[in-house]
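Q: This is the structure I want to talk about, given as structure tokens.
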Amino acid sequence: MMERIFPQVACLQMALQQGDMEANLKEFRQQLAAASFSEDTLVVLPELWATGFDYTNIDSLAEQTPQLLAELQEKAAQAEIWFAGSLLDKQEDGGIYNTLFI
């Protein structure tokens with residue numbers, strides 16, 4: 001396992017809308033566009049930053065995680081930064097977990 005040391009760590013604070021992934025993505029994109037992070041900064045996102053704790057719609061929200069991860073990877077590559085944030089993670093056994101992705 002390769003150890004990664006980040007020269008800087010930053011937080012991207014957002015007001016979350018429970019279950020409203022589009023509103024949360026819009027807020028994320030706006031916050032990111034307004035921020036100025038140095039290369040290789042680890043940017044920490046709020047817990048369940050894209051969905052909030054919307055337990056009623058947890059199954060359908062968890063299905064969106066692969067697309068969210070793809071967007072995070074794209075944004076991270078463009079800005080040459082890293083993200084750490086939790087998302088709903090649906091497992092093969094049907095369980096859904098609050099998983100931190102980096």
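Chains: A, B, ... in order of the structure tokens. Residues: from 1 per chain. Ligands: from 1, in order shown.
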Neighbours of Gln8 (chain A) within 12 Å (only C-alpha atoms; same-chain residues fewer than 4 positions away dropped), as a PyMOL selection string?
A: chain A and resi 4+37-44+81-83
Q: Can I get the selected residues back with N, CA and C atoms, as a JSON list (two decimals), in the first residue's frame?
A:
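And here's again.json as it stands now:
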```json
[["chain", "number", "residue", "atom", "x", "y", "z"],
["A", 4, "ARG", "N", 0.32, 8.22, 0.92],
["A", 4, "ARG", "CA", 0.23, 9.51, 0.24],
["A", 4, "ARG", "C", 0.24, 10.60, 1.29],
["A", 37, "PHE", "N", -7.56, 25.93, -5.07],
["A", 37, "PHE", "CA", -6.77, 24.95, -4.33],
["A", 37, "PHE", "C", -5.43, 24.72, -5.02],
["A", 38, "SER", "N", -4.40, 24.61, -4.23],
["A", 38, "SER", "CA", -3.08, 24.28, -4.76],
["A", 38, "SER", "C", -3.07, 22.83, -5.23],
["A", 39, "GLU", "N", -2.17, 22.53, -6.15],
["A", 39, "GLU", "CA", -2.01, 21.18, -6.65],
["A", 39, "GLU", "C", -1.76, 20.21, -5.50],
["A", 40, "ASP", "N", -2.35, 19.03, -5.59],
["A", 40, "ASP", "CA", -2.24, 17.96, -4.60],
["A", 40, "ASP", "C", -2.90, 18.26, -3.26],
["A", 41, "THR", "N", -3.79, 19.23, -3.22],
["A", 41, "THR", "CA", -4.56, 19.48, -2.00],
["A", 41, "THR", "C", -5.62, 18.39, -1.85],
["A", 42, "LEU", "N", -5.79, 17.92, -0.63],
["A", 42, "LEU", "CA", -6.87, 16.99, -0.32],
["A", 42, "LEU", "C", -8.06, 17.83, 0.12],
["A", 43, "VAL", "N", -9.14, 17.79, -0.65],
["A", 43, "VAL", "CA", -10.34, 18.57, -0.36],
["A", 43, "VAL", "C", -11.38, 17.64, 0.26],
["A", 44, "VAL", "N", -11.73, 17.91, 1.51],
["A", 44, "VAL", "CA", -12.67, 17.08, 2.26],
["A", 44, "VAL", "C", -14.08, 17.65, 2.07],
["A", 81, "ILE", "N", -6.18, 17.96, -7.92],
["A", 81, "ILE", "CA", -6.41, 17.86, -6.47],
["A", 81, "ILE", "C", -7.00, 16.50, -6.17],
["A", 82, "TRP", "N", -7.27, 16.25, -4.91],
["A", 82, "TRP", "CA", -7.88, 15.01, -4.44],
["A", 82, "TRP", "C", -9.14, 15.36, -3.67],
["A", 83, "PHE", "N", -10.12, 14.47, -3.69],
["A", 83, "PHE", "CA", -11.33, 14.64, -2.88],
["A", 83, "PHE", "C", -11.44, 13.49, -1.90]]
```
Q: Could you give me, as a PyMOL selection string, each residue of region 24-98 of chain A that DSSP assigns to strand (DSSP E) when run on this structure's backbone?
A: chain A and resi 42-44+82-90+96-98
Q: Once you have the residues from the selection above, write them out as a PDB file, in the first residue's frame, restricted to N, CA and C atoms.
A:
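Ended up saving to selection_34.pdb:
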```pdb
ATOM      1  N   LEU A  42      -5.792  17.917  -0.626  1.00  0.00           N
ATOM      2  CA  LEU A  42      -6.870  16.988  -0.316  1.00  0.00           C
ATOM      3  C   LEU A  42      -8.064  17.830   0.118  1.00  0.00           C
ATOM      4  N   VAL A  43      -9.137  17.790  -0.646  1.00  0.00           N
ATOM      5  CA  VAL A  43     -10.341  18.568  -0.361  1.00  0.00           C
ATOM      6  C   VAL A  43     -11.377  17.637   0.263  1.00  0.00           C
ATOM      7  N   VAL A  44     -11.732  17.909   1.512  1.00  0.00           N
ATOM      8  CA  VAL A  44     -12.674  17.082   2.255  1.00  0.00           C
ATOM      9  C   VAL A  44     -14.078  17.653   2.074  1.00  0.00           C
ATOM     10  N   TRP A  82      -7.267  16.250  -4.909  1.00  0.00           N
ATOM     11  CA  TRP A  82      -7.880  15.007  -4.445  1.00  0.00           C
ATOM     12  C   TRP A  82      -9.137  15.364  -3.670  1.00  0.00           C
ATOM     13  N   PHE A  83     -10.125  14.468  -3.691  1.00  0.00           N
ATOM     14  CA  PHE A  83     -11.329  14.639  -2.882  1.00  0.00           C
ATOM     15  C   PHE A  83     -11.444  13.490  -1.902  1.00  0.00           C
ATOM     16  N   ALA A  84     -11.992  13.776  -0.737  1.00  0.00           N
ATOM     17  CA  ALA A  84     -12.386  12.760   0.233  1.00  0.00           C
ATOM     18  C   ALA A  84     -13.806  13.112   0.643  1.00  0.00           C
ATOM     19  N   GLY A  85     -14.715  12.204   0.377  1.00  0.00           N
ATOM     20  CA  GLY A  85     -16.107  12.450   0.731  1.00  0.00           C
ATOM     21  C   GLY A  85     -16.874  11.151   0.766  1.00  0.00           C
ATOM     22  N   SER A  86     -17.891  11.105   1.608  1.00  0.00           N
ATOM     23  CA  SER A  86     -18.662   9.870   1.706  1.00  0.00           C
ATOM     24  C   SER A  86     -19.878   9.929   0.793  1.00  0.00           C
ATOM     25  N   LEU A  87     -20.209   8.758   0.280  1.00  0.00           N
ATOM     26  CA  LEU A  87     -21.370   8.571  -0.584  1.00  0.00           C
ATOM     27  C   LEU A  87     -22.039   7.264  -0.200  1.00  0.00           C
ATOM     28  N   LEU A  88     -23.276   7.113  -0.625  1.00  0.00           N
ATOM     29  CA  LEU A  88     -23.971   5.852  -0.413  1.00  0.00           C
ATOM     30  C   LEU A  88     -23.353   4.784  -1.303  1.00  0.00           C
ATOM     31  N   ASP A  89     -23.032   3.653  -0.724  1.00  0.00           N
ATOM     32  CA  ASP A  89     -22.321   2.589  -1.427  1.00  0.00           C
ATOM     33  C   ASP A  89     -23.146   1.309  -1.355  1.00  0.00           C
ATOM     34  N   LYS A  90     -23.768   0.936  -2.479  1.00  0.00           N
ATOM     35  CA  LYS A  90     -24.593  -0.263  -2.523  1.00  0.00           C
ATOM     36  C   LYS A  90     -23.725  -1.477  -2.845  1.00  0.00           C
ATOM     37  N   ILE A  96     -26.448  -1.182   1.966  1.00  0.00           N
ATOM     38  CA  ILE A  96     -26.049   0.161   1.563  1.00  0.00           C
ATOM     39  C   ILE A  96     -25.295   0.770   2.738  1.00  0.00           C
ATOM     40  N   TYR A  97     -24.093   1.290   2.424  1.00  0.00           N
ATOM     41  CA  TYR A  97     -23.218   1.818   3.461  1.00  0.00           C
ATOM     42  C   TYR A  97     -22.829   3.256   3.161  1.00  0.00           C
ATOM     43  N   ASN A  98     -22.526   3.980   4.193  1.00  0.00           N
ATOM     44  CA  ASN A  98     -21.988   5.329   4.097  1.00  0.00           C
ATOM     45  C   ASN A  98     -20.472   5.164   4.020  1.00  0.00           C
TER      46      ASN A  98
END
```
Q: How many Å lie between CA of Glu92 (chain A) and CA of Leu68 (chain A), rounded to one decimal?
A: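 Rounded to one decimal, the two atoms are 18.6 Å apart.
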Q: Work out how far apart CA of Glu74 (chain A) and CA of Ile58 (chain A) are and give it in Å to one decimal.
A: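 Computing it gives 24.7 Å between the two atoms.
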Q: Which one is closest to Gly95 (chain A): A:Asp59, A:Lys75, A:Glu22, A:Glu80? Count only C-alpha atoms.
A: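 Under the stated criterion, the closest residue is A:Asp59.
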Q: Residues of chain A in alpha helix (DSSP H) according to DSSP, as an MDAnalysis selection string?
A: chainID A and resid 21:34 58:62 65:79
Q: Which residues, written as a list in words, have at least one atom at most 9 Å from Gln13 (chain A), with only C-alpha atoms counted and residues fewer than 4 positions away on the same chain left out?
A: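 Near Gln13 (chain A), the qualifying residues are Phe28, Gln31, Val44, Leu45 and Pro46 of chain A.
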Q: Go ahead and write the residues just picked, N, CA and C atoms, as a compact mmCIF listing (two decimals), in the first residue's frame.
A:
```
# COMPACT_ATOMS: atom_id res chain seq x y z
N PHE A 28 -21.96 22.00 -5.21
CA PHE A 28 -20.59 21.50 -5.27
C PHE A 28 -19.82 22.16 -6.40
N GLN A 31 -19.17 25.89 -5.62
CA GLN A 31 -18.15 26.03 -4.58
C GLN A 31 -16.76 25.72 -5.14
N VAL A 44 -11.73 17.91 1.51
CA VAL A 44 -12.67 17.08 2.26
C VAL A 44 -14.08 17.65 2.07
N LEU A 45 -14.99 16.77 1.66
CA LEU A 45 -16.39 17.15 1.44
C LEU A 45 -17.22 16.74 2.65
N PRO A 46 -18.40 17.35 2.83
CA PRO A 46 -19.27 16.96 3.95
C PRO A 46 -19.73 15.51 3.84
```
Q: What gap, in Å, lies between CA of Gln18 (chain A) and CA of Thr51 (chain A)?
A: 5.8 Å
Q: Asp20 (chain A): which residues within 9 Å, counting only C-alpha atoms, same-chain residues fewer than 2 positions away excluded, as a VMD selection string?
A: chain A and resid 16 to 18 22 to 25 50 to 52 54
Q: Go ahead and write the selection's residues with N, CA and C atoms as a CSV table (one decimal), in the first residue's frame.
A:
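Ended up saving to part-v1.csv:
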```csv
chain,number,residue,atom,x,y,z
A,16,LEU,N,-26.4,21.3,2.5
A,16,LEU,CA,-27.0,20.2,1.8
A,16,LEU,C,-28.5,20.2,1.7
A,17,GLN,N,-29.0,19.7,0.6
A,17,GLN,CA,-30.5,19.6,0.4
A,17,GLN,C,-30.8,18.1,0.5
A,18,GLN,N,-31.5,17.6,1.5
A,18,GLN,CA,-31.7,16.2,1.7
A,18,GLN,C,-32.4,15.6,0.4
A,22,GLU,N,-29.3,16.9,-7.5
A,22,GLU,CA,-29.0,17.9,-8.5
A,22,GLU,C,-28.7,19.2,-7.8
A,23,ALA,N,-29.4,19.6,-6.8
A,23,ALA,CA,-29.1,20.8,-6.1
A,23,ALA,C,-27.8,20.7,-5.4
A,24,ASN,N,-27.5,19.6,-4.8
A,24,ASN,CA,-26.2,19.4,-4.2
A,24,ASN,C,-25.0,19.4,-5.1
A,25,LEU,N,-25.2,18.8,-6.3
A,25,LEU,CA,-24.2,18.8,-7.4
A,25,LEU,C,-24.0,20.3,-7.8
A,50,ALA,N,-23.6,14.5,-1.5
A,50,ALA,CA,-24.4,14.6,-2.7
A,50,ALA,C,-25.9,14.3,-2.4
A,51,THR,N,-26.2,13.6,-1.3
A,51,THR,CA,-27.5,13.2,-1.0
A,51,THR,C,-28.1,13.6,0.4
A,52,GLY,N,-27.2,13.8,1.3
A,52,GLY,CA,-27.7,14.0,2.7
A,52,GLY,C,-28.2,12.7,3.2
A,54,ASP,N,-31.1,11.0,3.3
A,54,ASP,CA,-32.5,10.8,2.9
A,54,ASP,C,-32.7,9.3,2.9
```
